[in-house]
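S.K.: See query.cif below, with mmCIF, C-alpha atoms.
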data_query
#
loop_
_atom_site.label_atom_id
_atom_site.label_comp_id
_atom_site.auth_asym_id
_atom_site.auth_seq_id
_atom_site.Cartn_x
_atom_site.Cartn_y
_atom_site.Cartn_z
CA MET I 1 0.00 0.00 0.00
CA THR I 2 1.26 3.48 -0.85
CA SER I 3 2.51 5.53 2.12
CA PRO I 4 0.35 8.65 2.74
CA LEU I 5 3.40 10.88 2.35
CA ARG I 6 4.35 9.19 -0.94
CA SER I 7 0.96 9.47 -2.62
CA ILE I 8 0.58 11.83 -5.56
CA ARG I 9 -2.14 13.70 -3.69
CA SER I 10 0.13 14.33 -0.70
CA ARG I 11 3.06 15.36 -2.89
CA LEU I 12 0.88 17.78 -4.88
CA THR I 13 -0.49 19.31 -1.67
CA ILE I 14 2.92 19.59 -0.01
CA GLY I 15 4.46 21.04 -3.17
CA ALA I 16 1.72 23.66 -3.51
CA LEU I 17 1.98 24.51 0.19
CA ALA I 18 5.75 24.93 -0.07
CA VAL I 19 5.43 27.31 -3.02
CA VAL I 20 2.64 29.32 -1.38
CA ALA I 21 4.49 29.39 1.96
CA VAL I 22 7.63 30.78 0.37
CA ALA I 23 5.58 33.36 -1.53
CA LEU I 24 3.58 34.39 1.55
CA ILE I 25 6.62 34.64 3.83
CA ALA I 26 8.60 36.60 1.27
CA GLY I 27 5.58 38.79 0.52
CA SER I 28 4.90 39.37 4.21
CA PHE I 29 8.50 40.35 4.87
CA ALA I 30 8.48 42.70 1.90
CA ALA I 31 5.13 44.18 2.98
CA VAL I 32 6.41 44.86 6.49
CA GLN I 33 9.55 46.50 5.13
CA VAL I 34 7.56 48.61 2.67
CA LEU I 35 5.15 49.61 5.46
CA ARG I 36 8.03 50.60 7.73
CA ALA I 37 9.71 52.59 4.96
CA THR I 38 6.46 54.31 3.99
CA LEU I 39 5.56 55.28 7.55
CA THR I 40 9.13 56.41 8.23
CA GLU I 41 9.08 58.58 5.11
CA SER I 42 5.75 60.01 6.26
CA VAL I 43 7.23 60.92 9.66
CA ALA I 44 10.31 62.39 7.96
CA ALA I 45 8.09 64.53 5.73
CA ALA I 46 6.15 65.66 8.80
CA VAL I 47 9.41 66.60 10.58
CA GLN I 48 10.52 68.66 7.60
CA GLN I 49 7.10 70.31 7.50
CA ASP I 50 7.38 71.12 11.20
CA VAL I 51 10.80 72.67 10.67
CA ASP I 52 9.50 74.86 7.87
CA THR I 53 6.41 75.91 9.83
CA ILE I 54 8.26 76.78 13.04
CA SER I 55 10.99 78.59 11.08
CA ALA I 56 8.30 80.73 9.50
CA GLN I 57 6.91 81.51 12.98
CA LEU I 58 10.34 82.57 14.20
CA GLU I 59 10.86 84.85 11.25
CA ARG I 60 7.63 86.70 12.03
CA GLY I 61 8.89 87.78 15.43
CA PRO I 62 10.12 86.77 18.87
CA GLY I 63 8.05 84.57 21.04
CA ARG I 64 7.98 81.20 22.66
CA VAL I 65 8.71 78.17 20.49
CA ASP I 66 5.61 75.94 20.36
CA ALA I 67 5.25 72.58 18.66
CA ILE I 68 2.50 71.82 16.22
CA ASP I 69 1.67 68.43 17.86
CA ASP I 70 2.02 67.41 21.49
CA ASP I 71 4.47 64.59 20.78
CA VAL I 72 6.85 66.78 18.76
CA LEU I 73 10.04 67.96 20.45
CA VAL I 74 11.36 71.42 19.55
CA ARG I 75 14.65 72.99 20.56
CA LEU I 76 15.90 76.41 19.57
CA GLN I 77 19.55 76.77 20.42
CA GLY I 78 20.51 80.41 20.71
CA ARG I 79 23.64 81.65 19.09
CA GLY I 80 25.26 82.18 22.47
CA ASP I 81 24.72 78.58 23.57
CA ASP I 82 27.86 76.59 24.27
CA HIS I 83 26.35 73.50 22.52
CA ASP I 84 26.78 71.38 25.61
CA GLY I 85 23.09 70.60 25.91
CA GLU I 86 22.90 72.31 29.36
CA ARG I 87 20.96 75.45 30.16
CA ASP I 88 23.08 78.56 30.26
CA ASP I 89 22.49 81.23 32.82
CA ASP I 90 20.62 83.28 30.26
CA ASP I 91 18.24 80.51 29.03
CA SER I 92 15.34 82.92 29.38
CA GLY I 93 14.38 83.53 25.81
CA ALA I 94 16.91 86.25 25.25
CA PRO I 95 19.36 86.06 22.38
CA GLY I 96 21.73 83.18 23.04
CA ALA I 97 19.18 81.30 25.19
CA ASP I 98 18.25 77.61 24.64
CA GLN I 99 14.46 77.37 24.24
CA VAL I 100 12.53 74.06 24.35
CA ASN I 101 8.87 73.07 24.34
CA ASP I 102 9.53 70.05 26.53
CA GLU I 103 12.27 69.12 28.93
CA ASP I 104 13.01 66.01 26.84
CA ALA I 105 13.86 68.32 23.95
CA ARG I 106 17.02 69.50 25.74
CA ALA I 107 18.56 66.09 24.89
CA LEU I 108 18.11 66.68 21.17
CA PRO I 109 21.49 66.97 19.47
CA VAL I 110 22.19 69.76 17.03
CA LEU I 111 22.39 68.24 13.55
CA ARG I 112 25.07 69.71 11.34
CA ASP I 113 23.17 69.24 8.06
CA ASP I 114 19.59 69.74 6.99
CA HIS I 115 18.82 66.03 6.40
CA VAL I 116 16.31 64.18 8.54
CA GLN I 117 18.15 61.77 10.81
CA ARG I 118 17.30 59.13 13.39
CA VAL I 119 18.23 60.07 16.97
CA GLU I 120 17.76 58.49 20.39
CA VAL I 121 16.26 60.52 23.24
CA ASP I 122 15.86 58.86 26.63
CA GLY I 123 15.84 55.43 24.99
CA GLU I 124 13.20 56.33 22.42
CA SER I 125 13.71 56.72 18.68
CA TYR I 126 12.95 59.99 16.91
CA LEU I 127 13.37 61.47 13.47
CA ALA I 128 14.93 64.89 13.76
CA ALA I 129 16.02 67.73 11.49
CA SER I 130 17.83 71.02 12.15
CA GLU I 131 17.76 74.37 10.39
CA GLU I 132 19.65 77.63 10.96
CA THR I 133 17.40 80.62 11.66
CA GLU I 134 18.06 84.25 12.61
CA ARG I 135 17.44 83.37 16.25
CA GLY I 136 19.60 80.25 16.32
CA THR I 137 19.59 76.58 15.36
CA LEU I 138 16.12 75.06 15.28
CA THR I 139 15.84 71.29 15.86
CA VAL I 140 12.53 69.46 15.54
CA ALA I 141 11.94 65.73 16.25
CA ARG I 142 8.98 63.38 15.93
CA PRO I 143 8.80 60.00 17.70
CA LEU I 144 8.89 56.72 15.78
CA ASP I 145 6.87 54.74 18.31
CA GLY I 146 3.79 55.01 16.08
CA VAL I 147 5.74 53.50 13.22
CA ASP I 148 7.02 50.67 15.42
CA GLU I 149 3.54 49.98 16.77
CA ALA I 150 2.01 49.89 13.29
CA VAL I 151 4.76 47.59 12.00
CA SER I 152 4.45 45.30 15.04
CA ALA I 153 0.68 45.12 14.65
CA SER I 154 1.01 44.31 10.96
CA ALA I 155 3.62 41.64 11.67
CA ALA I 156 1.39 40.09 14.34
CA LEU I 157 -1.56 40.10 11.95
CA LEU I 158 0.52 38.45 9.24
CA ALA I 159 1.83 35.89 11.73
CA VAL I 160 -1.76 34.81 12.28
CA ALA I 161 -3.00 35.26 8.70
CA VAL I 162 -0.19 33.39 6.92
CA PRO I 163 -0.77 30.05 8.72
CA LEU I 164 -4.52 30.42 8.19
CA VAL I 165 -4.01 31.05 4.48
CA LEU I 166 -1.61 28.10 4.27
CA GLY I 167 -4.14 25.88 5.98
CA LEU I 168 -6.86 27.01 3.59
CA VAL I 169 -4.59 26.49 0.57
CA GLY I 170 -3.65 23.03 1.84
CA LEU I 171 -7.30 22.09 2.31
CA VAL I 172 -8.25 23.38 -1.14
CA MET I 173 -5.30 21.61 -2.77
CA TRP I 174 -6.16 18.36 -0.99
CA VAL I 175 -9.78 18.54 -2.16
CA VAL I 176 -8.77 19.51 -5.72
CA ALA I 177 -6.13 16.75 -5.89
CA THR I 178 -8.60 14.23 -4.50
CA ARG I 179 -11.19 15.14 -7.12
CA ALA I 180 -8.58 15.20 -9.90
CA LEU I 181 -7.21 11.79 -8.92
CA ALA I 182 -10.60 10.17 -8.34
CA PRO I 183 -10.71 8.84 -11.95
CA VAL I 184 -7.26 7.33 -11.41
CA GLU I 185 -8.51 5.50 -8.34
CA ARG I 186 -11.56 4.26 -10.25
CA LEU I 187 -9.28 3.09 -13.05
CA ARG I 188 -7.05 1.33 -10.54
CA ARG I 189 -10.02 -0.48 -8.98
CA GLN I 190 -11.29 -1.55 -12.39
CA VAL I 191 -7.88 -2.92 -13.39
CA ASP I 192 -7.43 -4.58 -10.00
CA ALA I 193 -10.75 -6.39 -10.48
CA ILE I 194 -9.51 -7.98 -13.72
CA ASP I 195 -7.85 -11.33 -13.15
CA ALA I 196 -6.62 -14.13 -15.37
CA THR I 197 -10.12 -15.57 -15.64
CA GLY I 198 -11.72 -12.29 -16.69
CA LEU I 199 -9.47 -10.81 -19.34
CA ASP I 200 -12.55 -10.11 -21.45
CA ARG I 201 -13.40 -7.18 -19.15
CA ARG I 202 -12.32 -3.65 -20.06
CA VAL I 203 -11.86 -0.38 -18.19
CA ASP I 204 -13.94 2.73 -18.76
CA ALA I 205 -12.31 4.81 -21.52
CA ALA I 206 -15.00 7.44 -22.05
CA ARG I 207 -12.85 10.42 -21.00
CA ASP I 208 -11.23 12.73 -23.53
CA ASP I 209 -8.11 13.58 -21.51
CA GLU I 210 -4.83 11.90 -20.57
CA LEU I 211 -6.64 9.40 -18.35
CA GLY I 212 -8.84 8.44 -21.28
CA ALA I 213 -5.72 7.84 -23.37
CA LEU I 214 -4.27 5.73 -20.55
CA ALA I 215 -7.51 3.73 -20.36
CA HIS I 216 -7.42 3.11 -24.13
CA THR I 217 -3.81 1.96 -23.83
CA MET I 218 -4.70 -0.41 -21.00
CA ASN I 219 -7.62 -1.80 -22.98
CA ARG I 220 -5.32 -2.48 -25.92
CA MET I 221 -2.92 -4.20 -23.54
CA LEU I 222 -5.82 -6.28 -22.20
CA ASP I 223 -6.74 -7.16 -25.79
CA ARG I 224 -3.23 -8.46 -26.35
CA LEU I 225 -3.22 -10.34 -23.06
CA GLU I 226 -6.59 -11.91 -23.81
CA GLN I 227 -5.48 -12.93 -27.28
CA SER I 228 -2.24 -14.29 -25.87
CA GLN I 229 -4.16 -16.25 -23.25
CA ILE I 230 -6.53 -17.65 -25.88
CA THR I 231 -3.58 -18.63 -28.06
CA GLN I 232 -1.77 -20.17 -25.11
CA ARG I 233 -4.79 -22.18 -24.03
CA ARG I 234 -5.42 -23.37 -27.56
CA PHE I 235 -1.75 -24.22 -27.89
CA VAL I 236 -1.74 -26.23 -24.65
CA SER I 237 -4.95 -27.96 -25.63
CA ASP I 238 -3.64 -28.82 -29.09
CA ALA I 239 -0.28 -29.96 -27.72
CA SER I 240 -2.03 -32.17 -25.17
CA HIS I 241 -4.21 -33.63 -27.89
CA GLU I 242 -1.22 -34.26 -30.16
CA LEU I 243 0.72 -35.96 -27.36
CA ARG I 244 -2.28 -37.99 -26.27
CA SER I 245 -2.71 -39.54 -29.72
CA PRO I 246 0.63 -41.44 -29.87
CA LEU I 247 0.38 -42.34 -26.20
CA ALA I 248 -3.09 -43.77 -26.79
CA THR I 249 -1.79 -45.75 -29.76
CA ILE I 250 1.07 -47.21 -27.72
CA ARG I 251 -1.28 -48.07 -24.85
CA GLN I 252 -3.82 -49.63 -27.19
CA HIS I 253 -1.23 -51.93 -28.77
CA ALA I 254 0.30 -52.74 -25.39
CA GLU I 255 -3.10 -53.68 -23.94
CA LEU I 256 -3.85 -55.77 -27.01
CA ALA I 257 -0.52 -57.57 -26.71
CA THR I 258 -1.17 -58.19 -23.02
CA ALA I 259 -4.72 -59.46 -23.51
CA HIS I 260 -4.00 -61.49 -26.64
CA PRO I 261 -0.29 -62.31 -26.79
CA GLU I 262 -0.94 -64.90 -29.49
CA ALA I 263 -2.42 -62.23 -31.80
CA SER I 264 0.55 -59.84 -31.63
CA SER I 265 4.27 -60.06 -32.04
CA LEU I 266 7.09 -58.28 -30.27
CA PRO I 267 8.55 -56.86 -33.51
CA ALA I 268 5.17 -55.38 -34.47
CA LEU I 269 4.73 -53.84 -31.02
CA SER I 270 8.28 -52.50 -31.14
CA ARG I 271 7.62 -50.83 -34.50
CA VAL I 272 4.50 -49.16 -33.14
CA VAL I 273 6.34 -47.91 -30.05
CA LEU I 274 9.26 -46.64 -32.13
CA ASP I 275 7.01 -44.90 -34.66
CA GLU I 276 4.86 -43.23 -32.04
CA GLY I 277 7.91 -42.37 -29.95
CA GLU I 278 9.44 -40.72 -33.00
CA ARG I 279 6.24 -38.72 -33.48
CA MET I 280 6.31 -37.57 -29.85
CA GLN I 281 9.99 -36.68 -30.09
CA GLU I 282 9.36 -34.65 -33.23
CA LEU I 283 6.45 -32.88 -31.55
CA VAL I 284 8.38 -32.10 -28.36
CA GLU I 285 11.40 -30.86 -30.32
CA GLY I 286 9.11 -28.63 -32.36
CA LEU I 287 7.53 -27.22 -29.20
CA LEU I 288 10.94 -26.54 -27.65
CA LEU I 289 12.15 -24.85 -30.81
CA LEU I 290 9.06 -22.63 -30.93
CA ALA I 291 9.54 -21.77 -27.26
CA ARG I 292 13.13 -20.70 -27.92
CA LEU I 293 12.04 -18.64 -30.91
CA ASP I 294 9.26 -17.04 -28.86
CA GLU I 295 11.80 -16.06 -26.21
CA GLY I 296 13.91 -14.39 -28.88
CA ARG I 297 17.08 -16.23 -27.98
CA ASP I 298 19.89 -15.24 -30.29
CA ALA I 299 21.25 -18.09 -32.39
CA PRO I 300 24.79 -18.00 -33.80
CA THR I 301 24.73 -16.15 -37.11
CA ALA I 302 27.11 -16.31 -40.04
CA PRO I 303 27.00 -16.00 -43.82
CA THR I 304 24.96 -18.99 -45.00
CA ASP I 305 24.48 -20.25 -48.55
CA ILE I 306 20.81 -21.06 -49.05
CA ASP I 307 21.65 -22.90 -52.29
CA ASP I 308 23.81 -25.39 -50.33
CA ILE I 309 20.90 -26.03 -47.95
CA ALA I 310 18.54 -26.51 -50.92
CA LEU I 311 20.91 -28.94 -52.66
CA ALA I 312 21.18 -30.99 -49.47
CA GLU I 313 17.37 -31.27 -49.40
CA VAL I 314 17.35 -32.31 -53.06
CA GLN I 315 19.72 -35.19 -52.30
CA ARG I 316 17.64 -36.21 -49.27
CA LEU I 317 14.39 -36.32 -51.26
CA ARG I 318 15.96 -38.22 -54.13
CA GLY I 319 17.32 -40.70 -51.63
CA MET I 320 13.71 -41.25 -50.54
CA GLY I 321 12.70 -41.92 -54.14
CA ILE I 322 10.89 -38.61 -54.65
CA SER I 323 11.30 -36.79 -57.98
CA VAL I 324 12.81 -33.33 -57.55
CA ASP I 325 13.24 -30.50 -60.07
CA ALA I 326 16.38 -28.63 -58.96
CA ARG I 327 17.04 -26.65 -62.14
CA GLY I 328 16.00 -23.39 -60.48
CA ILE I 329 18.61 -23.48 -57.72
CA GLY I 330 21.05 -20.59 -58.06
CA PRO I 331 23.42 -18.82 -55.67
CA GLY I 332 21.93 -17.05 -52.66
CA ARG I 333 23.70 -16.02 -49.48
CA VAL I 334 22.14 -14.66 -46.28
CA VAL I 335 23.32 -13.97 -42.75
CA GLY I 336 21.72 -16.17 -40.13
CA SER I 337 21.73 -19.42 -38.23
CA ALA I 338 22.59 -22.25 -40.61
CA ALA I 339 20.87 -24.79 -38.34
CA LEU I 340 17.61 -22.83 -38.13
CA LEU I 341 17.57 -22.03 -41.85
CA ALA I 342 18.19 -25.70 -42.66
CA ARG I 343 15.28 -26.61 -40.36
CA ALA I 344 13.02 -24.12 -42.17
CA ALA I 345 14.01 -25.52 -45.57
CA ARG I 346 13.46 -29.10 -44.42
CA ASN I 347 9.99 -28.28 -43.07
CA LEU I 348 9.01 -26.65 -46.37
CA VAL I 349 10.36 -29.59 -48.38
CA ASP I 350 8.68 -32.18 -46.12
CA ASN I 351 5.38 -30.33 -46.43
CA ALA I 352 5.68 -30.31 -50.23
CA ALA I 353 6.66 -34.00 -50.32
CA ARG I 354 3.56 -34.96 -48.32
CA HIS I 355 1.23 -33.18 -50.74
CA ALA I 356 2.99 -33.78 -54.07
CA ARG I 357 1.50 -36.22 -56.53
CA GLU I 358 4.66 -36.82 -58.57
CA GLN I 359 7.27 -34.10 -58.20
CA VAL I 360 8.66 -31.35 -55.96
CA ALA I 361 10.41 -28.30 -57.43
CA ILE I 362 13.00 -26.33 -55.42
CA ARG I 363 14.30 -22.93 -56.51
CA VAL I 364 16.78 -20.44 -55.04
CA PHE I 365 17.40 -17.01 -56.58
CA GLU I 366 18.12 -13.41 -55.70
CA GLN I 367 15.54 -10.67 -56.17
CA GLY I 368 16.80 -7.20 -55.34
CA ASP I 369 18.10 -7.22 -51.78
CA ARG I 370 16.31 -10.48 -50.97
CA VAL I 371 17.12 -14.16 -51.39
CA LEU I 372 14.11 -16.35 -52.17
CA LEU I 373 13.77 -20.06 -51.46
CA GLN I 374 10.75 -21.51 -53.24
CA VAL I 375 9.37 -25.01 -52.76
CA GLU I 376 6.53 -26.11 -55.06
CA ASP I 377 4.49 -29.29 -55.23
CA ASP I 378 2.06 -30.56 -57.85
CA GLY I 379 -0.68 -31.43 -55.40
CA THR I 380 -4.13 -29.93 -54.93
CA GLY I 381 -2.94 -26.52 -53.73
CA ILE I 382 -4.13 -24.39 -50.80
CA PRO I 383 -7.42 -22.44 -50.76
CA VAL I 384 -6.89 -18.67 -50.74
CA ALA I 385 -8.80 -18.29 -47.46
CA GLU I 386 -6.43 -20.71 -45.71
CA ARG I 387 -3.08 -19.34 -46.90
CA GLU I 388 -2.46 -17.32 -43.75
CA ARG I 389 -3.92 -19.82 -41.29
CA ILE I 390 -1.66 -22.66 -42.37
CA PHE I 391 1.27 -20.93 -40.65
CA ASP I 392 -0.51 -21.07 -37.27
CA ARG I 393 0.42 -23.77 -34.81
CA PHE I 394 -1.35 -27.14 -34.99
CA VAL I 395 -3.24 -26.22 -38.13
CA ARG I 396 -3.85 -28.92 -40.76
CA LEU I 397 -5.87 -28.54 -43.91
CA ASP I 398 -6.04 -32.32 -44.32
CA GLU I 399 -7.82 -33.15 -41.05
CA ALA I 400 -9.51 -36.19 -42.61
CA ARG I 401 -6.13 -37.76 -43.30
CA ALA I 402 -4.18 -39.80 -40.81
CA ARG I 403 -2.01 -37.78 -38.49
CA ASP I 404 1.15 -39.56 -39.51
CA ALA I 405 0.52 -38.40 -43.07
CA GLY I 406 -0.49 -34.91 -42.07
CA GLY I 407 2.51 -34.11 -39.90
CA SER I 408 2.57 -32.60 -36.41
CA GLY I 409 0.97 -29.32 -37.39
CA LEU I 410 4.04 -27.35 -36.26
CA GLY I 411 6.24 -27.46 -39.36
CA LEU I 412 4.99 -24.34 -41.14
CA ALA I 413 4.59 -22.46 -37.84
CA ILE I 414 8.27 -23.13 -37.16
CA VAL I 415 9.15 -21.87 -40.65
CA ARG I 416 7.31 -18.60 -40.00
CA GLU I 417 9.02 -18.04 -36.64
CA ILE I 418 12.45 -18.75 -38.15
CA ALA I 419 11.71 -16.35 -41.00
CA LEU I 420 10.65 -13.61 -38.58
CA ALA I 421 13.77 -14.20 -36.46
CA HIS I 422 15.88 -13.53 -39.58
CA GLY I 423 13.92 -10.48 -40.73
CA GLY I 424 12.18 -12.46 -43.43
CA THR I 425 8.73 -13.66 -44.46
CA VAL I 426 7.08 -16.84 -45.69
CA THR I 427 4.02 -16.91 -47.93
CA ALA I 428 1.83 -19.44 -49.72
CA SER I 429 0.52 -19.02 -53.26
CA ASP I 430 -0.49 -21.03 -56.35
CA GLY I 431 2.25 -22.93 -58.13
CA THR I 432 2.65 -23.24 -61.90
CA SER I 433 1.55 -26.88 -61.79
CA GLY I 434 -1.61 -26.19 -59.78
CA GLY I 435 -0.14 -27.14 -56.43
CA ALA I 436 1.12 -25.01 -53.55
CA LEU I 437 4.10 -22.66 -53.83
CA MET I 438 5.86 -21.78 -50.56
CA THR I 439 8.23 -18.79 -50.72
CA LEU I 440 10.74 -18.02 -47.97
CA SER I 441 12.13 -14.49 -48.41
CA LEU I 442 15.27 -13.46 -46.49
CA PRO I 443 17.53 -10.36 -46.53
CA ARG I 444 20.48 -10.87 -48.86
CA SER I 445 23.93 -10.83 -47.30
CA ALA I 446 26.07 -7.78 -48.08
CA GLU I 447 28.98 -10.16 -48.70
CA ALA I 448 27.14 -11.89 -51.54
#
For this file, produce the structure as structure tokens.

M.R.:
Amino acid sequence: MTSPLRSIRSRLTIGALAVVAVALIAGSFAAVQVLRATLTESVAAAVQQDVDTISAQLERGPGRVDAIDDDVLVRLQGRGDDHDGERDDDDSGAPGADQVNDEDARALPVLRDDHVQRVEVDGESYLAASEETERGTLTVARPLDGVDEAVSASAALLAVAVPLVLGLVGLVMWVVATRALAPVERLRRQVDAIDATGLDRRVDAARDDELGALAHTMNRMLDRLEQSQITQRRFVSDASHELRSPLATIRQHAELATAHPEASSLPALSRVVLDEGERMQELVEGLLLLARLDEGRDAPTAPTDIDDIALAEVQRLRGMGISVDARGIGPGRVVGSAALLARAARNLVDNAARHAREQVAIRVFEQGDRVLLQVEDDGTGIPVAERERIFDRFVRLDEARARDAGGSGLGLAIVREIALAHGGTVTASDGTSGGALMTLSLPRSAEA
């Protein structure tokens, strides 16, 4: 079972939360900094405004220095002040006196330029600015505690809001991911319900998105699996039937010899056992060869002369007393397994020999970049509708004939698999004499 933290839904939610969290934290930090800078600039502008206003008051005439707001500190340092921050003996408002609107203002330093600067007075932060007037140096300061309070309140609000927003985003992402992945879960349950005994079932592929495409792909895979299972079952059934036939024959003769020893002879029983054993051996060897070809095992390959293989088959057939026309055998070289190609040629020749009335013709020739091996008989031919099916396993077109005359039903199937393994093809068509013409086409060797 998938771990909750490893599910796609969890990873999507965590990923979205991580992105949103980074964005919110960075945005909150930037917002606090912008707020602080904006409020500080506002206080600085107010300080400069205060300086200009009070300077204008001083220019209109003597009088006491008064601040515009209660929390503003104002200090007018007379020209006779010794700049030590202490009251002189004449701090009475006369020229040279140090005038303040609040005792805390006496701690304001005299700033040597007209820029607004941050100063500390009794442990509190102020923004202050100084300006030279006819009556002395005017210094005005406004506290920054309002700025600090506003920034602290905003930071506290964001500290509460950001987790709430993250929680909401996580919940929304979880719901959205759950709804988006619901079709995947339905698809998984449908596939999980399909077992080896129900490969005819299919998953719902009605959607028009990526999941629909995935469902179509899975249905095509199920089609292939079902067809493979059908083929496998038919193959096992046919193989069992083919093996049962010689075993039944051996058992029948053995039982007959046991029940009526006077009616049977040991040589006759031995011939039956040998013949049927040979049939079983041929069948088993054919099955093993097909299994190896199905697995795609690589056989040793080398330049192979198809004409040499064909000539060897001509000699074999003539040794069996079968008439063979070998006038069409010419040079033809391919790259492949000599043993497998010889097996393919023998199966084609044996098939032709079984169906020929009088003669078998064998031809080898080059055609473009292909080498063709043709085997023709003068029998009854193959119906057009059956020319593809005859290359299937355990297929016989002469079912009414005895099995020993009709072969094992694997010969042409083996030829097709060998041809495919060598990048070739095998086809059936009408021969010039009215019989069947089998053509094995293989890629020509570059060394030819």

S.K.: To one decimal place, how far is atom CA of Asp102 of chain I from atom CA of Leu138 of chain I in Å?

M.R.: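 About the pair atom CA of Asp102 of chain I and atom CA of Leu138 of chain I: they are 14.0 Å apart.
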
S.K.: Find the distance between atom CA of Ile309 of chain I and atom CA of Ile418 of chain I and write it in Å to one decimal.

M.R.: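 Atom-to-atom, atom CA of Ile309 of chain I to atom CA of Ile418 of chain I, that is 14.8 Å.
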
S.K.: Check the smallest atom-to-atom distance from each of I:Gly212, I:Pro246, I:Gly123, I:Gly328 to Leu283 of chain I using only C-alpha atoms, then report the winner.

M.R.: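 The answer is I:Pro246, which sits nearest to Leu283 of chain I.
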
S.K.: On this file, the PyMOL selection byres ((chain I and resi 282) around 12) gives some set of residues; write that set as a VMD selection string.

M.R.: chain I and resid 242 to 243 246 275 to 281 283 to 289 347 404 407 to 411

S.K.: What does the structure give for the distance between atom CA of Gly332 of chain I and atom CA of Ile390 of chain I, in Å to one decimal?

M.R.: 26.3 Å

S.K.: Expand the PyMOL selection byres ((chain I and resi 416) around 9) into the explicit residue set it covers here, and present it as JSON, numbers by chain.

M.R.: {"I": [344, 391, 392, 411, 412, 413, 414, 415, 417, 418, 419, 420, 421, 424, 425, 426, 427, 440]}

S.K.: List the spatial neighbours of His115 of chain I as an MDAnalysis selection string - criterion: any atom at most 10 Å away, all atoms listed in the file, same-chain residues fewer than 6 positions off excluded.

M.R.: chainID I and resid 44 48 128:131

S.K.: Place a sphere of radius 9 Å on (19.4, -25.4, -52.7) in the file coordinates and name every protein, DNA or RNA residue with an atom inside or on its surface, counting only C-alpha atoms; give the answer as an MDAnalysis selection string.

M.R.: chainID I and resid 305:314 326 328:332 345 362:364 373

S.K.: Do a neighbour search on Asp104 of chain I at 8 Å with only C-alpha atoms, toss out local chain neighbours closer than 2 positions, and write the hits as a compact mmCIF listing (two decimals) with C-alpha atoms, keeping the file's coordinate frame.

M.R.:
# COMPACT_ATOMS: atom_id res chain seq x y z
CA LEU I 73 10.04 67.96 20.45
CA ASP I 102 9.53 70.05 26.53
CA ARG I 106 17.02 69.50 25.74
CA ALA I 107 18.56 66.09 24.89
CA LEU I 108 18.11 66.68 21.17
CA VAL I 121 16.26 60.52 23.24
CA ASP I 122 15.86 58.86 26.63

S.K.: Let me make sure I understand: among I:Val395, I:Ala436, I:Leu158, I:Leu39, which one has the smallest atom-to-atom distance to Thr380 of chain I if we use all atoms listed in the file?

M.R.: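 Counting all atoms listed in the file, the residue closest to Thr380 of chain I is I:Ala436.
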
S.K.: Using all atoms listed in the file for the distances, tell me which of I:Val74, I:Leu222, I:Ala180, I:Leu171 is nearest to Ala141 of chain I.

M.R.: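 Among I:Val74, I:Leu222, I:Ala180, I:Leu171, it is I:Val74 that comes nearest to Ala141 of chain I.
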
S.K.: Measuring atom to atom with only C-alpha atoms, identify which of I:Ala23, I:Gly136, I:Val72, I:Arg346 is nearest to Ala105 of chain I.

M.R.: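 That would be I:Val72, the residue with the smallest distance to Ala105 of chain I.
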
S.K.: In terms of the shortest atom-to-atom distance over all atoms listed in the file, which of I:Val371, I:Val43, I:Met320, I:Ala338 is closest to Ala353 of chain I?

M.R.: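 Nearest candidate to Ala353 of chain I out of I:Val371, I:Val43, I:Met320, I:Ala338: I:Met320.
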